[in-house]
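What follows is the content of upload-v2.tsv (TSV, C-alpha atoms and all ligand atoms).
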```tsv
chain	number	residue	atom	x	y	z
X	1	MET	CA	-17.75	4.34	10.53
X	2	GLN	CA	-17.96	0.76	11.77
X	3	TYR	CA	-15.96	-0.51	8.78
X	4	LEU	CA	-13.14	1.94	9.53
X	5	GLU	CA	-12.99	0.98	13.21
X	6	VAL	CA	-12.85	-2.75	12.43
X	7	ALA	CA	-10.25	-2.17	9.71
X	8	LYS	CA	-8.10	-0.26	12.22
X	9	GLU	CA	-8.52	-3.07	14.76
X	10	ALA	CA	-7.44	-5.67	12.17
X	11	ALA	CA	-4.47	-3.58	10.98
X	12	CYS	CA	-3.20	-3.02	14.53
X	13	ALA	CA	-3.61	-6.71	15.44
X	14	ALA	CA	-1.68	-7.81	12.31
X	15	GLY	CA	0.89	-5.09	13.00
X	16	GLU	CA	1.41	-6.47	16.49
X	17	LEU	CA	1.97	-9.95	15.02
X	18	LEU	CA	4.54	-8.56	12.55
X	19	ARG	CA	6.33	-6.54	15.25
X	20	ALA	CA	6.59	-9.63	17.46
X	21	ARG	CA	8.21	-11.61	14.63
X	22	PHE	CA	10.52	-8.90	13.29
X	23	HIS	CA	14.21	-9.80	13.68
X	24	LYS	CA	13.15	-13.37	14.59
X	25	PRO	CA	13.83	-16.57	12.58
X	26	LEU	CA	11.45	-16.64	9.57
X	27	THR	CA	9.97	-19.39	7.39
X	28	VAL	CA	10.45	-18.64	3.68
X	29	ASN	CA	7.61	-20.09	1.60
X	30	ALA	CA	9.08	-19.09	-1.76
X	31	ALA	CA	11.95	-16.99	-3.17
X	32	THR	CA	12.51	-15.68	-6.70
X	33	ALA	CA	15.14	-13.36	-8.19
X	34	HIS	CA	13.35	-10.21	-6.97
X	35	ASP	CA	10.85	-11.39	-4.38
X	36	ILE	CA	10.40	-13.42	-1.20
X	37	LYS	CA	7.19	-14.94	0.20
X	38	LEU	CA	7.11	-15.52	3.98
X	39	GLU	CA	4.91	-17.64	6.24
X	40	VAL	CA	4.35	-14.55	8.39
X	41	ASP	CA	2.50	-12.93	5.43
X	42	VAL	CA	0.02	-15.82	5.54
X	43	LEU	CA	-0.34	-15.71	9.36
X	44	ALA	CA	-1.02	-11.97	9.25
X	45	GLN	CA	-3.63	-12.34	6.49
X	46	ASP	CA	-5.36	-15.18	8.38
X	47	LEU	CA	-5.64	-12.91	11.45
X	48	ILE	CA	-7.03	-10.01	9.38
X	49	THR	CA	-9.50	-12.33	7.62
X	50	LYS	CA	-10.72	-13.69	10.98
X	51	ILE	CA	-11.31	-10.19	12.43
X	52	LEU	CA	-13.00	-8.74	9.32
X	53	LEU	CA	-15.16	-11.67	8.24
X	54	GLU	CA	-16.28	-12.62	11.77
X	55	ARG	CA	-17.75	-9.08	11.96
X	56	PHE	CA	-18.97	-8.99	8.35
X	57	PRO	CA	-19.58	-12.62	7.24
X	58	GLN	CA	-21.32	-11.53	4.04
X	59	HIS	CA	-18.28	-9.59	2.84
X	60	ALA	CA	-15.51	-10.91	0.54
X	61	LEU	CA	-11.74	-10.57	0.91
X	62	TYR	CA	-9.17	-10.21	-1.89
X	63	GLY	CA	-5.67	-10.48	-0.46
X	64	GLU	CA	-2.05	-11.09	-1.51
X	65	GLU	CA	-2.15	-14.44	0.30
X	66	GLY	CA	-5.47	-15.58	-1.16
X	67	ILE	CA	-9.17	-14.77	-1.60
X	68	VAL	CA	-12.14	-15.58	0.65
X	69	GLY	CA	-15.85	-15.43	-0.21
X	70	ASP	CA	-17.78	-14.37	-3.30
X	71	GLN	CA	-15.70	-11.64	-5.00
X	72	SER	CA	-18.86	-10.25	-6.62
X	73	SER	CA	-20.19	-9.30	-3.16
X	74	ASP	CA	-21.06	-5.59	-2.70
X	75	HIS	CA	-18.36	-5.30	-0.02
X	76	GLN	CA	-14.83	-6.48	-0.86
X	77	TRP	CA	-11.88	-6.05	1.49
X	78	ILE	CA	-8.55	-5.58	-0.37
X	79	VAL	CA	-5.67	-6.63	1.86
X	80	ASP	CA	-1.89	-6.70	1.85
X	81	PRO	CA	-1.03	-8.19	5.25
X	82	LEU	CA	2.67	-7.32	4.95
X	83	ASP	CA	3.65	-4.74	2.36
X	84	GLY	CA	7.41	-4.55	2.16
X	85	THR	CA	8.04	-8.26	2.67
X	86	VAL	CA	11.60	-8.13	1.37
X	87	ASN	CA	12.38	-5.23	3.74
X	88	PHE	CA	10.91	-7.30	6.60
X	89	PHE	CA	13.03	-10.35	5.64
X	90	TYR	CA	16.24	-8.27	5.54
X	91	GLY	CA	15.47	-6.55	8.86
X	92	ILE	CA	14.78	-3.16	7.24
X	93	PRO	CA	12.16	-1.46	9.47
X	94	HIS	CA	10.05	-0.12	6.58
X	95	PHE	CA	6.88	-2.22	6.05
X	96	CYS	CA	3.20	-2.05	6.86
X	97	VAL	CA	-0.28	-3.57	6.86
X	98	SER	CA	-2.68	-2.26	4.20
X	99	ILE	CA	-6.47	-2.77	4.36
X	100	GLY	CA	-9.01	-1.18	2.00
X	101	LEU	CA	-12.75	-1.67	1.52
X	102	ARG	CA	-14.44	-1.43	-1.87
X	103	PHE	CA	-18.24	-1.04	-2.13
X	104	ARG	CA	-19.66	-1.94	-5.54
X	105	GLY	CA	-16.24	-1.27	-7.10
X	106	VAL	CA	-15.61	2.07	-5.37
X	107	MET	CA	-12.97	2.45	-2.63
X	108	MET	CA	-14.72	3.65	0.55
X	109	THR	CA	-12.26	2.99	3.40
X	110	GLY	CA	-8.47	2.79	3.73
X	111	VAL	CA	-6.12	1.96	6.61
X	112	ILE	CA	-2.31	1.62	6.56
X	113	TYR	CA	-0.37	0.72	9.72
X	114	ASP	CA	3.41	0.88	10.20
X	115	PRO	CA	3.97	-1.19	13.36
X	116	ILE	CA	7.58	-0.13	13.86
X	117	ARG	CA	6.93	3.64	13.87
X	118	ASP	CA	3.42	3.03	15.31
X	119	GLU	CA	1.94	5.22	12.55
X	120	LEU	CA	-1.70	4.60	11.58
X	121	TRP	CA	-3.14	6.26	8.48
X	122	SER	CA	-6.93	6.05	8.20
X	123	GLY	CA	-9.50	7.53	5.88
X	124	GLU	CA	-12.94	7.34	4.33
X	125	LYS	CA	-14.03	8.55	0.90
X	126	GLY	CA	-14.80	12.30	0.93
X	127	LYS	CA	-13.52	12.93	4.47
X	128	PRO	CA	-10.13	14.36	5.56
X	129	PRO	CA	-7.82	11.41	6.31
X	130	LEU	CA	-5.87	11.11	9.55
X	131	LEU	CA	-2.40	10.09	10.69
X	132	ASN	CA	-2.51	8.96	14.33
X	133	GLY	CA	-5.71	10.99	14.67
X	134	ASN	CA	-4.35	14.21	13.10
X	135	PRO	CA	-5.67	15.53	9.73
X	136	ILE	CA	-3.22	15.23	6.81
X	137	ARG	CA	-2.84	16.92	3.42
X	138	VAL	CA	-0.65	16.30	0.40
X	139	SER	CA	2.51	18.37	-0.17
X	140	PRO	CA	2.08	22.06	-1.17
X	141	ARG	CA	5.21	21.96	-3.36
X	142	THR	CA	4.52	22.97	-6.98
X	143	ALA	CA	8.03	22.90	-8.49
X	144	LEU	CA	9.18	19.51	-9.84
X	145	ALA	CA	12.78	20.53	-9.11
X	146	GLN	CA	11.92	20.59	-5.39
X	147	ALA	CA	10.00	17.31	-5.40
X	148	ILE	CA	10.86	13.94	-3.88
X	149	VAL	CA	9.42	11.06	-5.90
X	150	SER	CA	9.35	7.38	-4.95
X	151	ILE	CA	9.74	4.93	-7.83
X	152	GLY	CA	8.93	1.22	-7.53
X	153	LEU	CA	10.32	-1.43	-9.88
X	154	ALA	CA	8.27	-4.35	-8.47
X	155	LYS	CA	9.26	-8.00	-8.81
X	156	THR	CA	9.93	-9.20	-12.34
X	157	SER	CA	12.35	-8.37	-15.14
X	158	ALA	CA	9.35	-7.11	-17.15
X	159	THR	CA	8.34	-4.62	-14.41
X	160	ILE	CA	11.98	-3.60	-13.96
X	161	GLU	CA	12.36	-2.99	-17.70
X	162	ALA	CA	9.14	-0.95	-17.63
X	163	GLY	CA	10.23	1.09	-14.61
X	164	LEU	CA	13.88	1.88	-15.34
X	165	PRO	CA	13.17	4.46	-18.09
X	166	VAL	CA	10.84	6.32	-15.69
X	167	LEU	CA	13.54	6.36	-13.01
X	168	GLU	CA	16.15	7.48	-15.54
X	169	GLU	CA	13.96	10.38	-16.69
X	170	MET	CA	12.69	11.42	-13.23
X	171	VAL	CA	16.08	11.38	-11.48
X	172	HIS	CA	17.18	14.35	-13.62
X	173	ARG	CA	13.92	16.31	-13.21
X	174	VAL	CA	13.28	16.13	-9.44
X	175	ARG	CA	15.29	16.92	-6.30
X	176	LYS	CA	15.53	13.27	-5.26
X	177	CYS	CA	14.14	9.88	-6.23
X	178	ARG	CA	13.61	7.23	-3.58
X	179	MET	CA	12.96	3.46	-3.84
X	180	LEU	CA	11.61	2.48	-0.41
X	181	GLY	CA	10.17	-0.98	-1.09
X	182	SER	CA	6.59	-0.51	0.14
X	183	ALA	CA	3.95	0.85	-2.26
X	184	ALA	CA	1.41	1.27	0.55
X	185	LEU	CA	3.81	3.36	2.68
X	186	ASP	CA	4.78	5.35	-0.43
X	187	LEU	CA	1.10	6.25	-0.91
X	188	ALA	CA	0.69	7.04	2.82
X	189	TYR	CA	3.73	9.32	2.57
X	190	VAL	CA	2.23	11.10	-0.47
X	191	ALA	CA	-1.04	11.53	1.47
X	192	CYS	CA	0.75	13.30	4.33
X	193	GLY	CA	3.15	15.33	2.18
X	194	ARG	CA	6.42	13.52	2.95
X	195	LEU	CA	6.65	12.50	-0.72
X	196	ASP	CA	5.35	14.49	-3.69
X	197	ALA	CA	4.65	11.46	-5.88
X	198	TYR	CA	4.87	7.67	-6.19
X	199	ILE	CA	5.17	5.90	-9.55
X	200	GLU	CA	5.21	2.16	-10.32
X	201	GLN	CA	4.65	0.24	-13.54
X	202	GLY	CA	3.49	-3.26	-12.51
X	203	ILE	CA	1.91	-3.30	-9.06
X	204	SER	CA	-0.94	-5.35	-7.56
X	205	LEU	CA	-4.28	-3.98	-6.38
X	206	TRP	CA	-3.66	-5.06	-2.77
X	207	ASP	CA	-0.47	-2.93	-2.64
X	208	ILE	CA	-2.25	0.27	-3.72
X	209	ALA	CA	-6.01	0.08	-2.89
X	210	ALA	CA	-6.07	1.60	0.60
X	211	GLY	CA	-3.28	4.10	-0.14
X	212	SER	CA	-5.00	5.39	-3.27
X	213	LEU	CA	-8.09	6.31	-1.26
X	214	LEU	CA	-5.91	8.12	1.32
X	215	VAL	CA	-4.08	10.16	-1.37
X	216	GLU	CA	-7.35	11.28	-3.03
X	217	ALA	CA	-8.97	12.07	0.35
X	218	ALA	CA	-5.88	14.17	1.22
X	219	GLY	CA	-6.36	16.30	-1.90
X	220	GLY	CA	-4.02	14.40	-4.23
X	221	ARG	CA	-4.47	12.72	-7.61
X	222	VAL	CA	-4.22	9.01	-8.47
X	223	GLU	CA	-3.97	7.71	-12.05
X	224	MET	CA	-4.32	3.91	-12.08
X	225	GLU	CA	-4.41	1.82	-15.25
X	226	ALA	CA	-4.71	-1.94	-15.61
X	227	ARG	CA	-1.86	-3.33	-17.71
X	228	SER	CA	-3.03	-5.43	-20.66
X	229	ASP	CA	0.41	-7.09	-20.86
X	230	MET	CA	0.60	-8.03	-17.12
X	231	PRO	CA	-2.45	-9.85	-15.65
X	232	ASP	CA	-3.76	-8.26	-12.39
X	233	LYS	CA	-1.07	-5.58	-12.53
X	234	PHE	CA	-1.50	-1.82	-12.62
X	235	ARG	CA	0.50	1.21	-13.69
X	236	ILE	CA	0.09	3.94	-11.06
X	237	ILE	CA	1.04	7.61	-10.73
X	238	ALA	CA	-0.04	9.03	-7.38
X	239	SER	CA	0.87	12.61	-6.50
X	240	SER	CA	-0.07	15.84	-4.77
X	241	GLY	CA	-1.72	16.80	-8.05
X	242	ARG	CA	0.39	19.98	-8.15
X	243	LEU	CA	3.30	18.77	-10.29
X	244	GLU	CA	3.83	18.46	-14.06
X	245	LEU	CA	5.00	14.83	-13.94
X	246	ARG	CA	4.44	14.02	-17.62
X	301	LIG	C1	6.10	-4.67	-2.68
X	301	LIG	C2	5.58	-3.32	-3.13
X	301	LIG	C3	6.71	-2.49	-3.77
X	301	LIG	C4	7.23	-3.19	-4.94
X	301	LIG	C5	7.77	-4.51	-4.46
X	301	LIG	C6	6.67	-5.37	-3.84
X	301	LIG	P1	5.15	-6.71	-1.25
X	301	LIG	O1	5.02	-5.41	-2.21
X	301	LIG	O2	5.09	-2.65	-2.03
X	301	LIG	O3	6.22	-1.24	-4.19
X	301	LIG	O4	8.22	-2.43	-5.58
X	301	LIG	O5	8.29	-5.23	-5.54
X	301	LIG	O6	5.68	-5.60	-4.80
X	301	LIG	O7	5.53	-7.85	-2.12
X	301	LIG	O8	6.18	-6.45	-0.21
X	301	LIG	O9	3.77	-6.87	-0.67
```

Just dump the structure as structure tokens.
Ligand code: LIP
Amino acid sequence: MQYLEVAKEAACAAGELLRARFHKPLTVNAATAHDIKLEVDVLAQDLITKILLERFPQHALYGEEGIVGDQSSDHQWIVDPLDGTVNFFYGIPHFCVSIGLRFRGVMMTGVIYDPIRDELWSGEKGKPPLLNGNPIRVSPRTALAQAIVSIGLAKTSATIEAGLPVLEEMVHRVRKCRMLGSAALDLAYVACGRLDAYIEQGISLWDIAAGSLLVEAAGGRVEMEARSDMPDKFRIIASSGRLELR
């Protein structure tokens, strides 16, 4: 319980920092064809690291903006301080903070906070997850033709090439495909039944760790596979578990 409460505290504090800097002048640390790295990502991760590791100094942290501590520690926090960075940069109010805790390799705790809609998803392994304190479940829909599926293409031409055939196939089989730009919010939306599935071909652990725990705790299914051709990247299919996606 204490880990969940501290994770929520850290997510809300980082969310407050992001909200205060949204629509304000931003420092760009790096920009590539399909990605942008912002200084605010680093500031948010520093704040999260301070809150988590001051409370649990023996824990490690593995984040998009860097790692802290011995990654072979029993407890490892997996953090994306700003998921949906490109949305944030363009003023699109769809981004979040994602914080997960892994104990000896198993996800135990997950928190995702959308500071614009003030929506906080929280969950622990084996317990019903919550959205702003209310229990959530995955979608009851069983027909693919009625499903809404979010597809991510990530950040490189290799991940785009890997994802386009999935989009091309899915767009004809489901009611609607969406590309929302935040893997963590996609997973949170699957966990509470807004989306029926989320699929991405080359995504990082910090984007999907907390959300994967929430989807499974909400009764859904998560298939995650490390890509041998893309270091530290995963292929993920997260869904309600009620659809024939293959
Ligand atoms: C984003 C993911 C999204 C993916 C983007 C990017 P970031 O994470 O949430 O699913 O398609 O390319 O990876 O960079 O905003 O933390």

request  = Within 8 Å of ligand LIG 301 (chain X), which residues show up when you count only C-alpha atoms and all ligand atoms? List them as a PyMOL selection string, please.
outcome  = chain X and resi 34-37+64+80-87+95+151-155+179-186+200+203-204+206-207

key: Gap from CA of Met230 in chain X to CA of Gly202 in chain X - Å, one decimal   =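 About the pair CA of Met230 in chain X and CA of Gly202 in chain X: they are 7.2 Å apart.
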
query = Near Pro25 in chain X, within 12 Å and counting only C-alpha atoms, which residues show up once chain neighbours fewer than 4 positions away are dropped, as a list in words?
reply = Ala20, Arg21, Leu38, Glu39, Val40, Phe88, Phe89, Tyr90 and Gly91 of chain X

inquiry  = Can you measure CA of Ala238 in chain X to CA of Gln201 in chain X for me? One decimal in Å is fine.
reply    =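 If I compute the distance from CA of Ala238 in chain X to CA of Gln201 in chain X, I get 11.7 Å.
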
request  = Fewer than 3 positions away in the same chain doesn't count, so skip those; otherwise give me all residues within 8 Å of range 110-123 of chain X, counting all atoms listed in the file, as a VMD selection string.
outcome  = chain X and resid 4 7 to 8 11 to 12 15 to 16 18 to 19 93 to 101 107 127 to 132 184 to 185 188 209 to 211 213 to 214 217

key: Nearest to Lys125 in chain X, chosen from X:Ile236, X:Ile51, X:Cys177, X:Ala218, with all atoms listed in the file counted in the distances   =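 Of X:Ile236, X:Ile51, X:Cys177, X:Ala218, the one nearest Lys125 in chain X, counting all atoms listed in the file, is X:Ala218.
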
request  = Give me, please, the distance in Å between CA of Arg227 in chain X and CA of Ser73 in chain X, quoted to one decimal.
outcome  = 24.2 Å

remark   = Restricting to only C-alpha atoms, whichever of X:Ala44, X:Leu61, X:Ile237, X:Val215 is closest to Ile136 in chain X is X:Val215

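Proximity to Glu65 in chain X at 8 Å, evaluated using all atoms listed in the file and with sequence-adjacent residues fewer than 2 positions away removed, yields Asp41, Val42, Gln45, Gly63, Ile67 and Asp80 of chain X.
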
query = Quick one: of X:Leu47, X:Val190, X:Gly105, X:Glu54, who's nearest to Gln71 in chain X, counting all atoms listed in the file?
reply =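 The answer is X:Gly105, which sits nearest to Gln71 in chain X.
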
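Compared by their closest atoms to Pro140 in chain X, and using all atoms listed in the file, the residues X:Arg55, X:Cys192, X:Ser72, X:Leu26 rank with X:Cys192 nearest.
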
With all atoms of range 167-179 of chain X from the file as input, state the centre and edge lengths in Å to one decimal of the axis-aligned box that has 3 Å extra on each side, as lines of an AutoDock Vina configuration file.
```
center_x = 14.9
center_y = 10.2
center_z = -10.1
size_x = 10.5
size_y = 19.5
size_z = 19.1
```

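Shortest atom-to-atom contact with Gln146 in chain X among X:Leu17, X:Val174, X:Met224, X:His23: X:Val174, counting only C-alpha atoms.
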
Atom completion result for range 91-111 of chain X (N, CA, C and O atoms) as a JSON list (two decimals), in the coordinates of the input:
```
[["chain", "number", "residue", "atom", "x", "y", "z"],
["X", 91, "GLY", "N", 15.35, -7.30, 7.60],
["X", 91, "GLY", "CA", 15.47, -6.55, 8.86],
["X", 91, "GLY", "C", 15.43, -5.05, 8.68],
["X", 91, "GLY", "O", 15.85, -4.29, 9.56],
["X", 92, "ILE", "N", 14.91, -4.61, 7.51],
["X", 92, "ILE", "CA", 14.78, -3.16, 7.24],
["X", 92, "ILE", "C", 13.43, -2.70, 7.78],
["X", 92, "ILE", "O", 12.38, -3.18, 7.31],
["X", 93, "PRO", "N", 13.42, -1.81, 8.77],
["X", 93, "PRO", "CA", 12.16, -1.46, 9.47],
["X", 93, "PRO", "C", 11.24, -0.54, 8.67],
["X", 93, "PRO", "O", 10.82, 0.52, 9.16],
["X", 94, "HIS", "N", 10.94, -0.93, 7.42],
["X", 94, "HIS", "CA", 10.05, -0.12, 6.58],
["X", 94, "HIS", "C", 9.07, -1.06, 5.89],
["X", 94, "HIS", "O", 9.34, -1.57, 4.79],
["X", 95, "PHE", "N", 7.93, -1.34, 6.57],
["X", 95, "PHE", "CA", 6.88, -2.22, 6.05],
["X", 95, "PHE", "C", 5.58, -1.88, 6.76],
["X", 95, "PHE", "O", 5.58, -1.10, 7.74],
["X", 96, "CYS", "N", 4.47, -2.42, 6.28],
["X", 96, "CYS", "CA", 3.20, -2.05, 6.86],
["X", 96, "CYS", "C", 2.11, -3.07, 6.56],
["X", 96, "CYS", "O", 2.34, -4.02, 5.80],
["X", 97, "VAL", "N", 0.94, -2.83, 7.15],
["X", 97, "VAL", "CA", -0.28, -3.57, 6.86],
["X", 97, "VAL", "C", -1.19, -2.63, 6.08],
["X", 97, "VAL", "O", -1.31, -1.46, 6.45],
["X", 98, "SER", "N", -1.80, -3.12, 5.00],
["X", 98, "SER", "CA", -2.68, -2.26, 4.20],
["X", 98, "SER", "C", -4.04, -2.93, 4.02],
["X", 98, "SER", "O", -4.11, -4.08, 3.55],
["X", 99, "ILE", "N", -5.11, -2.23, 4.43],
["X", 99, "ILE", "CA", -6.47, -2.77, 4.36],
["X", 99, "ILE", "C", -7.40, -1.73, 3.74],
["X", 99, "ILE", "O", -7.50, -0.61, 4.24],
["X", 100, "GLY", "N", -8.06, -2.09, 2.65],
["X", 100, "GLY", "CA", -9.01, -1.18, 2.00],
["X", 100, "GLY", "C", -10.35, -1.89, 1.84],
["X", 100, "GLY", "O", -10.41, -3.12, 1.82],
["X", 101, "LEU", "N", -11.42, -1.11, 1.75],
["X", 101, "LEU", "CA", -12.75, -1.67, 1.52],
["X", 101, "LEU", "C", -13.35, -1.04, 0.28],
["X", 101, "LEU", "O", -13.38, 0.20, 0.16],
["X", 102, "ARG", "N", -13.80, -1.89, -0.63],
["X", 102, "ARG", "CA", -14.44, -1.43, -1.87],
["X", 102, "ARG", "C", -15.93, -1.78, -1.81],
["X", 102, "ARG", "O", -16.29, -2.90, -1.44],
["X", 103, "PHE", "N", -16.80, -0.80, -2.11],
["X", 103, "PHE", "CA", -18.24, -1.04, -2.13],
["X", 103, "PHE", "C", -18.73, -0.88, -3.56],
["X", 103, "PHE", "O", -18.58, 0.22, -4.12],
["X", 104, "ARG", "N", -19.22, -1.97, -4.14],
["X", 104, "ARG", "CA", -19.66, -1.94, -5.54],
["X", 104, "ARG", "C", -18.60, -1.30, -6.44],
["X", 104, "ARG", "O", -18.90, -0.40, -7.24],
["X", 105, "GLY", "N", -17.33, -1.71, -6.22],
["X", 105, "GLY", "CA", -16.24, -1.27, -7.10],
["X", 105, "GLY", "C", -15.62, 0.06, -6.75],
["X", 105, "GLY", "O", -14.65, 0.48, -7.38],
["X", 106, "VAL", "N", -16.16, 0.76, -5.75],
["X", 106, "VAL", "CA", -15.61, 2.07, -5.37],
["X", 106, "VAL", "C", -14.93, 1.98, -4.00],
["X", 106, "VAL", "O", -15.52, 1.46, -3.05],
["X", 107, "MET", "N", -13.68, 2.46, -3.91],
["X", 107, "MET", "CA", -12.97, 2.45, -2.63],
["X", 107, "MET", "C", -13.67, 3.39, -1.65],
["X", 107, "MET", "O", -13.90, 4.56, -1.95],
["X", 108, "MET", "N", -13.99, 2.86, -0.46],
["X", 108, "MET", "CA", -14.72, 3.65, 0.55],
["X", 108, "MET", "C", -13.89, 3.90, 1.81],
["X", 108, "MET", "O", -14.05, 4.92, 2.47],
["X", 109, "THR", "N", -12.99, 2.94, 2.13],
["X", 109, "THR", "CA", -12.26, 2.99, 3.40],
["X", 109, "THR", "C", -10.83, 2.55, 3.18],
["X", 109, "THR", "O", -10.59, 1.65, 2.37],
["X", 110, "GLY", "N", -9.87, 3.19, 3.85],
["X", 110, "GLY", "CA", -8.47, 2.79, 3.73],
["X", 110, "GLY", "C", -7.73, 2.95, 5.05],
["X", 110, "GLY", "O", -7.91, 3.96, 5.74],
["X", 111, "VAL", "N", -6.93, 1.93, 5.39],
["X", 111, "VAL", "CA", -6.12, 1.96, 6.61],
["X", 111, "VAL", "C", -4.75, 1.40, 6.28],
["X", 111, "VAL", "O", -4.64, 0.36, 5.62]]
```
